[in-house]
Amino acid sequence: MGNSMDRLGIFGGTFNPIHNGHLSLCVQLADALDIPRVLLIPTAIPPHKRVKELASGEQRLAMCRLAAQADARFAVSDLELRRQGSSYTVETLRQLEAMYPDTRLYLFLGTDMFLTVQSWYRAEEIFKRAFLAAGARHEGDEHLMKEHLARLKGLGAQGEIVPCRVREISSTQVRAMRKEGRSLRGIVPPAVVEYMENRGLYLPKEGGGDADG
């Protein structure tokens with residue numbers, strides 16, 4: 001990897017909301033792979049999961065921008081929100097290649113996403129366009145992910161598994177804690193918490209709560 005090409009990390013997600021687990025993964029992958037810039041890209045419509053309490057694209061983008069202030073390497077892109085429709089990673093990579101010629105793209109992935117990446121839309125094209133940088137949360141994950149990487153290499157992928165210490169937290173848990181009025185200190189960046197509070201995001205619906213769970 002010691003060539004003159006620029007390196008750009010890409011981390012996409014629903015970010016509903018973005019939290020310190022996301023940021024910690026990005027910091028550790030960027031440190032380990034010496035990546036000077038990381039783009040956080042909120043999805044428009046996530047193709048891999050259905051989310052009931054989805055904040056607007058504008059709100060999720062704003063929260064990402066506030067969170068990105070934590071590290072000078074971070075920037076935020078509204079590429080997928082502007083494109084609308086289902087947010088397919090392969091289309092994002094095509095756009096980024098055109099925008100950043102002579103740049104090697106590193107697709108940042110957590111454990112769960114990495115273990116399903118072969119089933120994504122046009123996965124083999126993804127493997128041609130981006131180096132897979134995956135963070136393993138536990139030793140058990142690391143072993144499993146290295147085995148999986150060996151299989152992906154048979155499909156043309158290149159990648160590296162990086163042991164990461166990432167707090168076990170999900171956006172679903174953050175939303176549940178917010179509804180219960182629990183403190184999000186140390187879990188969500190303070191500026192993001194303030195944004196959620198100012199806009200009343202992820203609070204129980206008035207009059208009857210969540211009938212559908």
# chains A, B, ... in the order shown; residues from 1 in each chain; ligands from 1
$ residues_around --residues "Val193 (chain A)" --least-positions-apart "6" --cutoff "9 Å" --atoms "only C-alpha atoms" --output "ChimeraX atom specification"
/A:63,184-185
$ write_last_selection --atoms "C-alpha atoms" --output "tab-separated table (two decimals), in the first residue's frame"
chain	number	residue	atom	x	y	z
A	63	MET	CA	-26.17	15.00	13.34
A	184	LEU	CA	-26.62	9.36	26.64
A	185	ARG	CA	-23.41	10.79	28.07
$ residues_around --residues "Ile35 (chain A)" --least-positions-apart "4" --cutoff "8 Å" --atoms "only C-alpha atoms" --output "PyMOL selection string"
chain A and resi 7-9+29-31
$ select_by_dssp --residues "region 158-208 of chain A" --states "helix (DSSP H, G or I)" --output "VMD selection string"
chain A and resid 171 to 179 190 to 199
$ write_last_selection --atoms "N, CA, C and O atoms" --output "short mmCIF file (atom, residue, chain, number, x, y, z; two decimals), in the first residue's frame"
data_model
loop_
_atom_site.label_atom_id
_atom_site.label_comp_id
_atom_site.auth_asym_id
_atom_site.auth_seq_id
_atom_site.Cartn_x
_atom_site.Cartn_y
_atom_site.Cartn_z
N SER A 171 -27.82 2.05 17.32
CA SER A 171 -28.73 3.20 17.23
C SER A 171 -30.09 2.85 17.81
O SER A 171 -30.76 3.70 18.41
N THR A 172 -30.51 1.59 17.67
CA THR A 172 -31.79 1.15 18.25
C THR A 172 -31.77 1.33 19.77
O THR A 172 -32.74 1.82 20.37
N GLN A 173 -30.65 0.93 20.39
CA GLN A 173 -30.51 1.10 21.85
C GLN A 173 -30.50 2.57 22.24
O GLN A 173 -31.10 2.95 23.26
N VAL A 174 -29.82 3.39 21.43
CA VAL A 174 -29.77 4.83 21.72
C VAL A 174 -31.19 5.41 21.70
O VAL A 174 -31.58 6.17 22.60
N ARG A 175 -31.98 5.03 20.70
CA ARG A 175 -33.35 5.55 20.60
C ARG A 175 -34.18 5.09 21.80
O ARG A 175 -34.97 5.87 22.36
N ALA A 176 -33.98 3.83 22.23
CA ALA A 176 -34.73 3.32 23.39
C ALA A 176 -34.35 4.07 24.66
O ALA A 176 -35.22 4.44 25.47
N MET A 177 -33.06 4.34 24.83
CA MET A 177 -32.60 5.08 26.01
C MET A 177 -33.16 6.50 26.01
O MET A 177 -33.54 7.04 27.04
N ARG A 178 -33.20 7.08 24.84
CA ARG A 178 -33.73 8.45 24.72
C ARG A 178 -35.21 8.48 25.12
O ARG A 178 -35.66 9.37 25.84
N LYS A 179 -35.97 7.49 24.66
CA LYS A 179 -37.40 7.41 25.02
C LYS A 179 -37.59 7.26 26.52
O LYS A 179 -38.55 7.77 27.09
N PRO A 190 -21.88 14.99 22.62
CA PRO A 190 -22.74 15.99 23.28
C PRO A 190 -23.49 16.90 22.31
O PRO A 190 -24.66 17.22 22.54
N ALA A 191 -22.84 17.30 21.22
CA ALA A 191 -23.51 18.19 20.26
C ALA A 191 -24.69 17.49 19.59
O ALA A 191 -25.69 18.13 19.24
N VAL A 192 -24.58 16.17 19.40
CA VAL A 192 -25.67 15.40 18.80
C VAL A 192 -26.82 15.25 19.79
O VAL A 192 -28.00 15.37 19.42
N VAL A 193 -26.48 15.02 21.06
CA VAL A 193 -27.52 14.94 22.11
C VAL A 193 -28.30 16.26 22.16
O VAL A 193 -29.54 16.29 22.19
N GLU A 194 -27.57 17.37 22.12
CA GLU A 194 -28.21 18.69 22.18
C GLU A 194 -29.13 18.89 20.97
O GLU A 194 -30.26 19.41 21.11
N TYR A 195 -28.68 18.45 19.79
CA TYR A 195 -29.49 18.57 18.58
C TYR A 195 -30.79 17.76 18.73
O TYR A 195 -31.88 18.25 18.41
N MET A 196 -30.66 16.53 19.23
CA MET A 196 -31.85 15.68 19.42
C MET A 196 -32.82 16.33 20.40
O MET A 196 -34.04 16.31 20.20
N GLU A 197 -32.26 16.89 21.48
CA GLU A 197 -33.11 17.52 22.50
C GLU A 197 -33.83 18.75 21.93
O GLU A 197 -35.03 18.94 22.15
N ASN A 198 -33.10 19.55 21.18
CA ASN A 198 -33.69 20.77 20.62
C ASN A 198 -34.82 20.48 19.64
O ASN A 198 -35.75 21.28 19.47
N ARG A 199 -34.74 19.33 18.98
CA ARG A 199 -35.74 18.99 17.96
C ARG A 199 -36.71 17.90 18.41
O ARG A 199 -37.55 17.45 17.63
#
$ residues_around --residues "His148 (chain A)" --least-positions-apart "4" --cutoff "9 Å" --atoms "only C-alpha atoms" --output "list in words"
Phe114, Leu115, His143, Leu144, Leu152 and Lys153 of chain A
$ residues_around --residues "Phe127 (chain A)" --least-positions-apart "4" --cutoff "10 Å" --atoms "only C-alpha atoms" --output "NGL selection string"
:A and (90 or 107 or 117-118 or 122-123 or 131-132 or 152-153 or 155-159)
$ closest_residue --among "A:Thr43, A:Gly57, A:Ala70, A:Lys128" --to "Ser86 (chain A)" --atoms "only C-alpha atoms"
A:Thr43
$ select_by_dssp --residues "region 9-189 of chain A" --states "strand (DSSP E or B)" --output "NGL selection string"
:A and (9-13 or 37-42 or 45 or 74-76 or 86 or 103-109 or 130-136 or 159-163)
$ closest_residue --among "A:Lys146, A:Arg129, A:Arg165, A:Arg73" --to "Leu105 (chain A)" --atoms "only C-alpha atoms"
A:Arg129
$ atom_distance --atom1 "CA of Met113 (chain A)" --atom2 "CA of Arg94 (chain A)"
19.7 Å
$ closest_residue --among "A:Val166, A:Leu33, A:Ala67, A:Ile41" --to "Thr92 (chain A)" --atoms "only C-alpha atoms"
A:Ile41
